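*Asks:* I am attaching a structure below and will ask some questions about it afterwards.
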Amino acid sequence: MKGPLFYSKILLFGEYGIIKDSKGLSIPYNFYNGALKTSDNPSDEAIKSNESLSRFANYLENLDDGVVTFDVVSLKSHIEAGMYFDSSIPQGYGVGSSGALVAAIYDKYAHDKITVLENLTREKLLKLKTIFSAMESFFHGKSSGLDPLNSYLSIPILINSKDNIEATGIPSQKTEGKGAVFLLDSGIIGETAPMISIFMENMKQEGFRSMLKDQFIKHTDACVDDFLKGDIKSLFSNTKQLSKVVLSHFKPMIPKQFHELWKKGIETNDYYLKLCGSGGGGYILGFTEDIKKAESALSEYKLEVVYNF
């Protein structure tokens, strides 16, 4: 048995902000993917994944949200037969490893599922997001449901606010363009839950809340608009501001050894760094107007280009 592939995702803009109703823009990233599989000769990884699926199945069986039910009998019998999630998506890297798994399980086992081929009205998208949020909370404690939504639909998603999301088109890439969005591998695995609790703790301070609204969300929203309009000049100016705000107010989410590198990018304008997902490790997202300059400034690190301007 081998199920369909579900891809990783990149939240270009909106990390943390979308918890508080900023805009966000999430795009599929086809470089990594995962699928449900069964094997006669499972690896240690597969066995671990199978055990985790077993716990997930129990969670889904008791998920009483009135929005979705699953064919738990089939799910459990497949897990007993050794089913696991075979994935190249790195865990703890902010590219949606649990999201792809949630999408795969929903696709195969949900009753009355909403399919990708339907006319995806806003209501259907929100319903899917609610379902995925409940499912993915098993992994993170609190999930927006956006990662699985992106993985399930495999199209860019524009988040206007919590209750207003839509499928969107993004400007087509200029393959020969010098500007780029890239991933920088921090070499550290990030844990989502502790980062979210630091954020929630900070949210209790009025100063942090107003910074979030007046600076972080303002620049995030502007970045989303600029990106979708293809206004590159304004995009880089807003990304620079966003990078500054994150360095000042989200320090715990940036691995210590990257603080200087982050600052250097802002000072030289060779690149601007931002969080990819909740931070704390995993990938860091970079924006540059000249990928050659960024590569030479960051020559010690492995960069993966995800989009060209």
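Chain labels follow the order of the structure tokens: the first chain is A, the next B, and so on; residue numbering restarts at 1 in every chain, and ligands are counted from 1 in their shown order.
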Mind checking DSSP for stretch 158-274 of chain A and telling me the strand (DSSP E or B) residues as a list of chain:residue names?
*Replies:* A:Leu158, A:Ile159, A:Asn160, A:Ser161, A:Asn164, A:Ile165, A:Glu166, A:Ala167, A:Ala180, A:Val181, A:Phe182, A:Leu183, A:Leu184, A:Asp185, A:Tyr272, A:Leu273, A:Lys274
*Asks:* Take the residues from that selection and write them out as a tab-separated table (two decimals), in the first residue's frame, keeping all heavy atoms.
*Replies:*
```tsv
chain	number	residue	atom	x	y	z
A	158	LEU	N	-4.02	32.50	1.14
A	158	LEU	CA	-3.92	33.85	1.69
A	158	LEU	C	-4.80	33.91	2.92
A	158	LEU	O	-5.99	33.59	2.87
A	158	LEU	CB	-4.39	34.87	0.64
A	158	LEU	CG	-4.60	36.30	1.13
A	158	LEU	CD1	-3.29	36.90	1.63
A	158	LEU	CD2	-5.18	37.17	0.01
A	159	ILE	N	-4.19	34.30	4.04
A	159	ILE	CA	-4.93	34.46	5.28
A	159	ILE	C	-5.18	35.96	5.44
A	159	ILE	O	-4.23	36.74	5.58
A	159	ILE	CB	-4.12	33.92	6.50
A	159	ILE	CG1	-3.78	32.45	6.30
A	159	ILE	CG2	-4.86	34.13	7.81
A	159	ILE	CD1	-2.33	32.16	6.01
A	160	ASN	N	-6.45	36.36	5.38
A	160	ASN	CA	-6.76	37.78	5.59
A	160	ASN	C	-6.97	38.06	7.07
A	160	ASN	O	-6.62	39.10	7.58
A	160	ASN	CB	-8.02	38.17	4.80
A	160	ASN	CG	-7.77	38.10	3.31
A	160	ASN	OD1	-6.87	38.75	2.80
A	160	ASN	ND2	-8.54	37.30	2.60
A	161	SER	N	-7.59	37.09	7.74
A	161	SER	CA	-7.79	37.14	9.19
A	161	SER	C	-8.21	35.73	9.59
A	161	SER	O	-8.36	34.86	8.74
A	161	SER	CB	-8.89	38.13	9.54
A	161	SER	OG	-10.13	37.65	9.05
A	164	ASN	N	-11.16	34.55	7.64
A	164	ASN	CA	-11.23	34.92	6.23
A	164	ASN	C	-9.97	34.43	5.52
A	164	ASN	O	-8.93	35.07	5.57
A	164	ASN	CB	-11.37	36.45	6.15
A	164	ASN	CG	-11.46	36.93	4.71
A	164	ASN	OD1	-11.26	36.15	3.77
A	164	ASN	ND2	-11.75	38.19	4.53
A	165	ILE	N	-10.10	33.26	4.90
A	165	ILE	CA	-8.95	32.71	4.17
A	165	ILE	C	-9.40	32.38	2.75
A	165	ILE	O	-10.57	32.11	2.51
A	165	ILE	CB	-8.38	31.43	4.84
A	165	ILE	CG1	-9.49	30.40	5.06
A	165	ILE	CG2	-7.69	31.76	6.14
A	165	ILE	CD1	-9.00	29.10	5.65
A	166	GLU	N	-8.48	32.43	1.83
A	166	GLU	CA	-8.84	32.12	0.44
A	166	GLU	C	-7.65	31.51	-0.28
A	166	GLU	O	-6.49	31.76	0.08
A	166	GLU	CB	-9.30	33.40	-0.29
A	166	GLU	CG	-8.29	34.53	-0.25
A	166	GLU	CD	-8.83	35.83	-0.84
A	166	GLU	OE1	-9.13	35.85	-2.04
A	166	GLU	OE2	-8.93	36.82	-0.09
A	167	ALA	N	-7.98	30.71	-1.29
A	167	ALA	CA	-6.92	30.20	-2.16
A	167	ALA	C	-6.48	31.38	-3.02
A	167	ALA	O	-7.30	32.21	-3.40
A	167	ALA	CB	-7.48	29.09	-3.03
A	180	ALA	N	15.69	36.53	-4.37
A	180	ALA	CA	15.24	35.19	-4.00
A	180	ALA	C	14.73	35.13	-2.56
A	180	ALA	O	15.13	35.92	-1.71
A	180	ALA	CB	16.38	34.19	-4.16
A	181	VAL	N	13.85	34.17	-2.34
A	181	VAL	CA	13.51	33.74	-0.99
A	181	VAL	C	14.25	32.43	-0.80
A	181	VAL	O	14.24	31.57	-1.69
A	181	VAL	CB	11.99	33.48	-0.83
A	181	VAL	CG1	11.66	33.09	0.61
A	181	VAL	CG2	11.17	34.69	-1.26
A	182	PHE	N	14.92	32.27	0.35
A	182	PHE	CA	15.67	31.03	0.55
A	182	PHE	C	15.49	30.51	1.98
A	182	PHE	O	15.04	31.24	2.87
A	182	PHE	CB	17.16	31.25	0.26
A	182	PHE	CG	17.82	32.30	1.12
A	182	PHE	CD1	18.35	31.97	2.37
A	182	PHE	CD2	17.91	33.63	0.68
A	182	PHE	CE1	18.96	32.94	3.17
A	182	PHE	CE2	18.52	34.60	1.47
A	182	PHE	CZ	19.05	34.26	2.72
A	183	LEU	N	15.80	29.23	2.14
A	183	LEU	CA	15.80	28.63	3.48
A	183	LEU	C	17.25	28.46	3.91
A	183	LEU	O	18.08	28.02	3.13
A	183	LEU	CB	15.14	27.24	3.44
A	183	LEU	CG	13.64	27.19	3.15
A	183	LEU	CD1	13.19	25.74	3.00
A	183	LEU	CD2	12.84	27.86	4.26
A	184	LEU	N	17.52	28.80	5.17
A	184	LEU	CA	18.85	28.61	5.73
A	184	LEU	C	18.70	27.57	6.84
A	184	LEU	O	17.85	27.71	7.72
A	184	LEU	CB	19.32	29.95	6.30
A	184	LEU	CG	20.72	30.07	6.88
A	184	LEU	CD1	21.15	31.53	6.81
A	184	LEU	CD2	20.80	29.62	8.32
A	185	ASP	N	19.49	26.53	6.75
A	185	ASP	CA	19.39	25.44	7.71
A	185	ASP	C	20.16	25.78	8.99
A	185	ASP	O	21.37	25.91	8.96
A	185	ASP	CB	19.97	24.16	7.07
A	185	ASP	CG	19.77	22.94	7.93
A	185	ASP	OD1	19.41	23.10	9.11
A	185	ASP	OD2	19.96	21.82	7.43
A	272	TYR	N	17.86	39.62	4.37
A	272	TYR	CA	17.10	39.86	5.59
A	272	TYR	C	16.55	38.51	6.05
A	272	TYR	O	16.01	37.75	5.25
A	272	TYR	CB	15.93	40.82	5.34
A	272	TYR	CG	16.37	42.12	4.71
A	272	TYR	CD1	15.78	42.58	3.53
A	272	TYR	CD2	17.37	42.90	5.30
A	272	TYR	CE1	16.20	43.78	2.94
A	272	TYR	CE2	17.79	44.09	4.72
A	272	TYR	CZ	17.21	44.52	3.54
A	272	TYR	OH	17.62	45.69	2.96
A	273	LEU	N	16.70	38.23	7.33
A	273	LEU	CA	16.24	36.95	7.85
A	273	LEU	C	14.93	37.12	8.60
A	273	LEU	O	14.66	38.16	9.18
A	273	LEU	CB	17.30	36.34	8.78
A	273	LEU	CG	18.67	36.06	8.14
A	273	LEU	CD1	19.64	35.50	9.18
A	273	LEU	CD2	18.55	35.11	6.95
A	274	LYS	N	14.11	36.07	8.57
A	274	LYS	CA	12.90	36.07	9.38
A	274	LYS	C	12.61	34.65	9.85
A	274	LYS	O	13.20	33.70	9.35
A	274	LYS	CB	11.72	36.69	8.64
A	274	LYS	CG	11.28	35.95	7.38
A	274	LYS	CD	10.14	36.66	6.67
A	274	LYS	CE	8.84	36.59	7.44
A	274	LYS	NZ	8.32	35.21	7.63
```
*Asks:* Enumerate, in order of chain and increasing residue number, the residues of stretch 22-113 of chain A with an atom no farther than 10 Å from stretch 6-10 of chain A, each with its shortest atom pair and distance in Å to one decimal, counting only C-alpha atoms, as JSON lines.
*Replies:*
```
{"residue": "A:Leu25", "atom": "CA", "partner": "A:Ile10", "partner_atom": "CA", "distance": 8.5}
{"residue": "A:Ser26", "atom": "CA", "partner": "A:Ile10", "partner_atom": "CA", "distance": 5.6}
{"residue": "A:Ile27", "atom": "CA", "partner": "A:Ile10", "partner_atom": "CA", "distance": 5.4}
{"residue": "A:Pro28", "atom": "CA", "partner": "A:Lys9", "partner_atom": "CA", "distance": 4.3}
{"residue": "A:Tyr29", "atom": "CA", "partner": "A:Lys9", "partner_atom": "CA", "distance": 4.8}
{"residue": "A:Asn30", "atom": "CA", "partner": "A:Tyr7", "partner_atom": "CA", "distance": 5.4}
{"residue": "A:Phe31", "atom": "CA", "partner": "A:Ser8", "partner_atom": "CA", "distance": 7.4}
{"residue": "A:Tyr32", "atom": "CA", "partner": "A:Ser8", "partner_atom": "CA", "distance": 5.5}
{"residue": "A:Asn33", "atom": "CA", "partner": "A:Tyr7", "partner_atom": "CA", "distance": 4.2}
{"residue": "A:Gly34", "atom": "CA", "partner": "A:Phe6", "partner_atom": "CA", "distance": 5.4}
{"residue": "A:Ala35", "atom": "CA", "partner": "A:Phe6", "partner_atom": "CA", "distance": 6.3}
{"residue": "A:Leu36", "atom": "CA", "partner": "A:Phe6", "partner_atom": "CA", "distance": 9.4}
{"residue": "A:Ser87", "atom": "CA", "partner": "A:Phe6", "partner_atom": "CA", "distance": 9.0}
{"residue": "A:Ser88", "atom": "CA", "partner": "A:Ser8", "partner_atom": "CA", "distance": 9.1}
{"residue": "A:Ile89", "atom": "CA", "partner": "A:Ser8", "partner_atom": "CA", "distance": 6.4}
{"residue": "A:Pro90", "atom": "CA", "partner": "A:Ser8", "partner_atom": "CA", "distance": 9.2}
{"residue": "A:Gly94", "atom": "CA", "partner": "A:Ile10", "partner_atom": "CA", "distance": 7.5}
{"residue": "A:Val95", "atom": "CA", "partner": "A:Lys9", "partner_atom": "CA", "distance": 5.1}
{"residue": "A:Gly96", "atom": "CA", "partner": "A:Ser8", "partner_atom": "CA", "distance": 5.4}
{"residue": "A:Ser97", "atom": "CA", "partner": "A:Ser8", "partner_atom": "CA", "distance": 6.5}
{"residue": "A:Ser98", "atom": "CA", "partner": "A:Ser8", "partner_atom": "CA", "distance": 9.2}
{"residue": "A:Gly99", "atom": "CA", "partner": "A:Ser8", "partner_atom": "CA", "distance": 7.7}
{"residue": "A:Ala100", "atom": "CA", "partner": "A:Phe6", "partner_atom": "CA", "distance": 5.4}
{"residue": "A:Leu101", "atom": "CA", "partner": "A:Phe6", "partner_atom": "CA", "distance": 7.7}
{"residue": "A:Val102", "atom": "CA", "partner": "A:Phe6", "partner_atom": "CA", "distance": 9.5}
{"residue": "A:Ala103", "atom": "CA", "partner": "A:Phe6", "partner_atom": "CA", "distance": 7.1}
{"residue": "A:Ala104", "atom": "CA", "partner": "A:Phe6", "partner_atom": "CA", "distance": 6.6}
{"residue": "A:Asp107", "atom": "CA", "partner": "A:Phe6", "partner_atom": "CA", "distance": 9.9}
```
*Asks:* Store the residues picked out above in a file with N, CA and C atoms, as a PDB file, in the first residue's frame.
*Replies:*
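Written output follows (again.pdb):
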```pdb
ATOM      1  N   LEU A  25       0.646  34.392   4.413  1.00  0.00           N
ATOM      2  CA  LEU A  25       0.707  33.801   3.074  1.00  0.00           C
ATOM      3  C   LEU A  25       1.521  32.528   3.160  1.00  0.00           C
ATOM      4  N   SER A  26       0.865  31.437   2.789  1.00  0.00           N
ATOM      5  CA  SER A  26       1.483  30.131   2.913  1.00  0.00           C
ATOM      6  C   SER A  26       1.543  29.480   1.537  1.00  0.00           C
ATOM      7  N   ILE A  27       2.699  28.924   1.178  1.00  0.00           N
ATOM      8  CA  ILE A  27       2.826  28.308  -0.148  1.00  0.00           C
ATOM      9  C   ILE A  27       3.304  26.860  -0.015  1.00  0.00           C
ATOM     10  N   PRO A  28       2.852  25.973  -0.911  1.00  0.00           N
ATOM     11  CA  PRO A  28       3.345  24.595  -0.864  1.00  0.00           C
ATOM     12  C   PRO A  28       4.828  24.576  -1.249  1.00  0.00           C
ATOM     13  N   TYR A  29       5.559  23.650  -0.664  1.00  0.00           N
ATOM     14  CA  TYR A  29       6.978  23.517  -0.988  1.00  0.00           C
ATOM     15  C   TYR A  29       7.217  22.061  -1.373  1.00  0.00           C
ATOM     16  N   ASN A  30       7.286  21.814  -2.687  1.00  0.00           N
ATOM     17  CA  ASN A  30       7.259  20.433  -3.190  1.00  0.00           C
ATOM     18  C   ASN A  30       8.559  19.671  -3.019  1.00  0.00           C
ATOM     19  N   PHE A  31       9.553  20.336  -2.454  1.00  0.00           N
ATOM     20  CA  PHE A  31      10.857  19.692  -2.281  1.00  0.00           C
ATOM     21  C   PHE A  31      10.756  18.516  -1.303  1.00  0.00           C
ATOM     22  N   TYR A  32       9.874  18.653  -0.314  1.00  0.00           N
ATOM     23  CA  TYR A  32       9.677  17.578   0.682  1.00  0.00           C
ATOM     24  C   TYR A  32       8.254  17.055   0.603  1.00  0.00           C
ATOM     25  N   ASN A  33       8.089  15.781   0.885  1.00  0.00           N
ATOM     26  CA  ASN A  33       6.730  15.242   0.907  1.00  0.00           C
ATOM     27  C   ASN A  33       6.645  13.988   1.780  1.00  0.00           C
ATOM     28  N   GLY A  34       5.415  13.534   1.971  1.00  0.00           N
ATOM     29  CA  GLY A  34       5.221  12.317   2.759  1.00  0.00           C
ATOM     30  C   GLY A  34       3.994  11.562   2.268  1.00  0.00           C
ATOM     31  N   ALA A  35       3.937  10.267   2.554  1.00  0.00           N
ATOM     32  CA  ALA A  35       2.787   9.440   2.163  1.00  0.00           C
ATOM     33  C   ALA A  35       2.603   8.318   3.181  1.00  0.00           C
ATOM     34  N   LEU A  36       1.374   7.854   3.303  1.00  0.00           N
ATOM     35  CA  LEU A  36       1.097   6.695   4.162  1.00  0.00           C
ATOM     36  C   LEU A  36       1.529   5.437   3.430  1.00  0.00           C
ATOM     37  N   SER A  87       8.086   9.940   5.276  1.00  0.00           N
ATOM     38  CA  SER A  87       8.184  11.358   4.970  1.00  0.00           C
ATOM     39  C   SER A  87       9.621  11.838   4.853  1.00  0.00           C
ATOM     40  N   SER A  88       9.849  12.698   3.853  1.00  0.00           N
ATOM     41  CA  SER A  88      11.182  13.313   3.738  1.00  0.00           C
ATOM     42  C   SER A  88      11.158  14.697   4.390  1.00  0.00           C
ATOM     43  N   ILE A  89      10.002  15.076   4.964  1.00  0.00           N
ATOM     44  CA  ILE A  89       9.865  16.419   5.547  1.00  0.00           C
ATOM     45  C   ILE A  89      10.569  16.443   6.902  1.00  0.00           C
ATOM     46  N   PRO A  90      11.585  17.298   7.063  1.00  0.00           N
ATOM     47  CA  PRO A  90      12.286  17.289   8.358  1.00  0.00           C
ATOM     48  C   PRO A  90      11.362  17.750   9.485  1.00  0.00           C
ATOM     49  N   GLY A  94       9.859  23.723  10.769  1.00  0.00           N
ATOM     50  CA  GLY A  94       8.966  24.811  10.358  1.00  0.00           C
ATOM     51  C   GLY A  94       8.440  24.680   8.948  1.00  0.00           C
ATOM     52  N   VAL A  95       8.513  23.459   8.380  1.00  0.00           N
ATOM     53  CA  VAL A  95       7.981  23.293   7.019  1.00  0.00           C
ATOM     54  C   VAL A  95       6.796  22.320   6.982  1.00  0.00           C
ATOM     55  N   GLY A  96       6.200  22.090   8.157  1.00  0.00           N
ATOM     56  CA  GLY A  96       4.906  21.401   8.169  1.00  0.00           C
ATOM     57  C   GLY A  96       4.938  19.896   8.125  1.00  0.00           C
ATOM     58  N   SER A  97       5.815  19.255   8.920  1.00  0.00           N
ATOM     59  CA  SER A  97       5.848  17.785   8.885  1.00  0.00           C
ATOM     60  C   SER A  97       4.555  17.180   9.429  1.00  0.00           C
ATOM     61  N   SER A  98       4.044  17.729  10.552  1.00  0.00           N
ATOM     62  CA  SER A  98       2.808  17.156  11.088  1.00  0.00           C
ATOM     63  C   SER A  98       1.615  17.530  10.206  1.00  0.00           C
ATOM     64  N   GLY A  99       1.711  18.679   9.533  1.00  0.00           N
ATOM     65  CA  GLY A  99       0.625  19.106   8.648  1.00  0.00           C
ATOM     66  C   GLY A  99       0.383  18.120   7.512  1.00  0.00           C
ATOM     67  N   ALA A 100       1.460  17.622   6.945  1.00  0.00           N
ATOM     68  CA  ALA A 100       1.335  16.678   5.828  1.00  0.00           C
ATOM     69  C   ALA A 100       0.728  15.352   6.311  1.00  0.00           C
ATOM     70  N   LEU A 101       1.107  14.939   7.510  1.00  0.00           N
ATOM     71  CA  LEU A 101       0.552  13.702   8.072  1.00  0.00           C
ATOM     72  C   LEU A 101      -0.947  13.856   8.329  1.00  0.00           C
ATOM     73  N   VAL A 102      -1.333  14.989   8.919  1.00  0.00           N
ATOM     74  CA  VAL A 102      -2.748  15.260   9.189  1.00  0.00           C
ATOM     75  C   VAL A 102      -3.547  15.237   7.880  1.00  0.00           C
ATOM     76  N   ALA A 103      -2.994  15.868   6.839  1.00  0.00           N
ATOM     77  CA  ALA A 103      -3.671  15.911   5.540  1.00  0.00           C
ATOM     78  C   ALA A 103      -3.859  14.496   4.979  1.00  0.00           C
ATOM     79  N   ALA A 104      -2.821  13.664   5.118  1.00  0.00           N
ATOM     80  CA  ALA A 104      -2.885  12.297   4.588  1.00  0.00           C
ATOM     81  C   ALA A 104      -3.947  11.467   5.305  1.00  0.00           C
ATOM     82  N   ASP A 107      -7.444  12.717   4.341  1.00  0.00           N
ATOM     83  CA  ASP A 107      -7.743  12.322   2.970  1.00  0.00           C
ATOM     84  C   ASP A 107      -8.219  10.868   2.890  1.00  0.00           C
TER      85      ASP A 107
END
```
*Asks:* I need the helix (DSSP H, G or I) residues of stretch 58-136 of chain A per DSSP on the backbone, written as a ChimeraX atom specification.
*Replies:* /A:58-61,72-80,97-109,122-136
*Asks:* Print the selection's residues with C-alpha atoms to a file, as an mmCIF file, in the first residue's frame.
*Replies:*
```cif
data_model
loop_
_atom_site.group_PDB
_atom_site.id
_atom_site.type_symbol
_atom_site.label_atom_id
_atom_site.label_comp_id
_atom_site.auth_asym_id
_atom_site.auth_seq_id
_atom_site.Cartn_x
_atom_site.Cartn_y
_atom_site.Cartn_z
ATOM 1 C CA ASN A 58 -6.797 7.006 19.742
ATOM 2 C CA TYR A 59 -6.868 10.779 19.847
ATOM 3 C CA LEU A 60 -9.007 10.968 16.682
ATOM 4 C CA GLU A 61 -11.377 8.331 18.010
ATOM 5 C CA VAL A 72 -11.367 4.539 12.939
ATOM 6 C CA VAL A 73 -11.877 0.792 12.436
ATOM 7 C CA SER A 74 -10.012 0.825 9.094
ATOM 8 C CA LEU A 75 -7.432 3.261 10.429
ATOM 9 C CA LYS A 76 -6.631 1.056 13.418
ATOM 10 C CA SER A 77 -6.542 -2.155 11.385
ATOM 11 C CA HIS A 78 -4.124 -0.532 8.916
ATOM 12 C CA ILE A 79 -1.951 0.655 11.804
ATOM 13 C CA GLU A 80 -1.952 -2.866 13.239
ATOM 14 C CA SER A 97 5.848 17.785 8.885
ATOM 15 C CA SER A 98 2.808 17.156 11.088
ATOM 16 C CA GLY A 99 0.625 19.106 8.648
ATOM 17 C CA ALA A 100 1.335 16.678 5.828
ATOM 18 C CA LEU A 101 0.552 13.702 8.072
ATOM 19 C CA VAL A 102 -2.748 15.260 9.189
ATOM 20 C CA ALA A 103 -3.671 15.911 5.540
ATOM 21 C CA ALA A 104 -2.885 12.297 4.588
ATOM 22 C CA ILE A 105 -5.013 10.846 7.409
ATOM 23 C CA TYR A 106 -7.935 13.156 6.666
ATOM 24 C CA ASP A 107 -7.743 12.322 2.970
ATOM 25 C CA LYS A 108 -7.884 8.583 3.560
ATOM 26 C CA TYR A 109 -10.073 8.153 6.646
ATOM 27 C CA ARG A 122 -14.708 30.351 2.004
ATOM 28 C CA GLU A 123 -17.058 28.278 4.215
ATOM 29 C CA LYS A 124 -15.456 25.024 3.038
ATOM 30 C CA LEU A 125 -11.950 26.374 3.547
ATOM 31 C CA LEU A 126 -12.820 27.511 7.070
ATOM 32 C CA LYS A 127 -14.439 24.171 7.846
ATOM 33 C CA LEU A 128 -11.306 22.349 6.674
ATOM 34 C CA LYS A 129 -9.141 24.708 8.714
ATOM 35 C CA THR A 130 -11.260 24.015 11.839
ATOM 36 C CA ILE A 131 -11.020 20.247 11.307
ATOM 37 C CA PHE A 132 -7.262 20.392 10.715
ATOM 38 C CA SER A 133 -6.758 22.636 13.722
ATOM 39 C CA ALA A 134 -8.479 20.058 15.974
ATOM 40 C CA MET A 135 -6.504 17.196 14.412
ATOM 41 C CA GLU A 136 -3.096 18.877 14.503
#
```
*Asks:* Taking 4 positions as the minimum chain separation for residues in the same chain, which residues sit within 12 Å of A:Thr268 when counting only C-alpha atoms? Answer as a ChimeraX atom specification.
*Replies:* /A:240,261-264,272,288-289,293-294,297
*Asks:* Take the residues just selected and output them with N, CA and C atoms as a short mmCIF file (atom, residue, chain, number, x, y, z; two decimals), in the first residue's frame.
*Replies:*
```cif
data_model
loop_
_atom_site.label_atom_id
_atom_site.label_comp_id
_atom_site.auth_asym_id
_atom_site.auth_seq_id
_atom_site.Cartn_x
_atom_site.Cartn_y
_atom_site.Cartn_z
N LYS A 240 12.76 44.19 5.61
CA LYS A 240 13.86 44.68 6.45
C LYS A 240 13.30 45.15 7.81
N LEU A 261 24.40 37.17 12.85
CA LEU A 261 24.16 36.98 11.42
C LEU A 261 22.91 37.75 10.98
N TRP A 262 21.92 37.72 11.83
CA TRP A 262 20.64 38.39 11.60
C TRP A 262 20.89 39.90 11.48
N LYS A 263 21.65 40.40 12.47
CA LYS A 263 21.96 41.83 12.54
C LYS A 263 22.79 42.27 11.33
N LYS A 264 23.74 41.41 10.95
CA LYS A 264 24.62 41.73 9.83
C LYS A 264 23.83 41.91 8.52
N TYR A 272 17.86 39.62 4.37
CA TYR A 272 17.10 39.86 5.59
C TYR A 272 16.55 38.51 6.05
N THR A 288 16.50 38.07 -0.23
CA THR A 288 17.64 38.83 -0.74
C THR A 288 17.33 39.39 -2.13
N GLU A 289 17.90 40.56 -2.40
CA GLU A 289 17.74 41.14 -3.75
C GLU A 289 18.82 40.61 -4.68
N LYS A 293 25.17 37.58 -3.62
CA LYS A 293 25.67 38.31 -2.44
C LYS A 293 25.33 37.55 -1.16
N ALA A 294 24.07 37.09 -1.08
CA ALA A 294 23.62 36.38 0.12
C ALA A 294 24.42 35.10 0.30
N ALA A 297 27.85 35.96 1.59
CA ALA A 297 27.81 36.42 2.99
C ALA A 297 27.48 35.26 3.94
#
```
*Asks:* Find, counting only C-alpha atoms, the residue in A:His249, A:Asn50, A:Ser137, A:Lys178 that gets nearest to A:Leu212.
*Replies:*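 Closest to A:Leu212 of all the choices is A:His249.
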*Asks:* Which residue is closest to A:Asp44? Choose from A:Tyr84, A:Tyr283, A:Phe56, A:Phe309 and count only C-alpha atoms.
*Replies:*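 Nearest candidate to A:Asp44 out of A:Tyr84, A:Tyr283, A:Phe56, A:Phe309: A:Tyr84.
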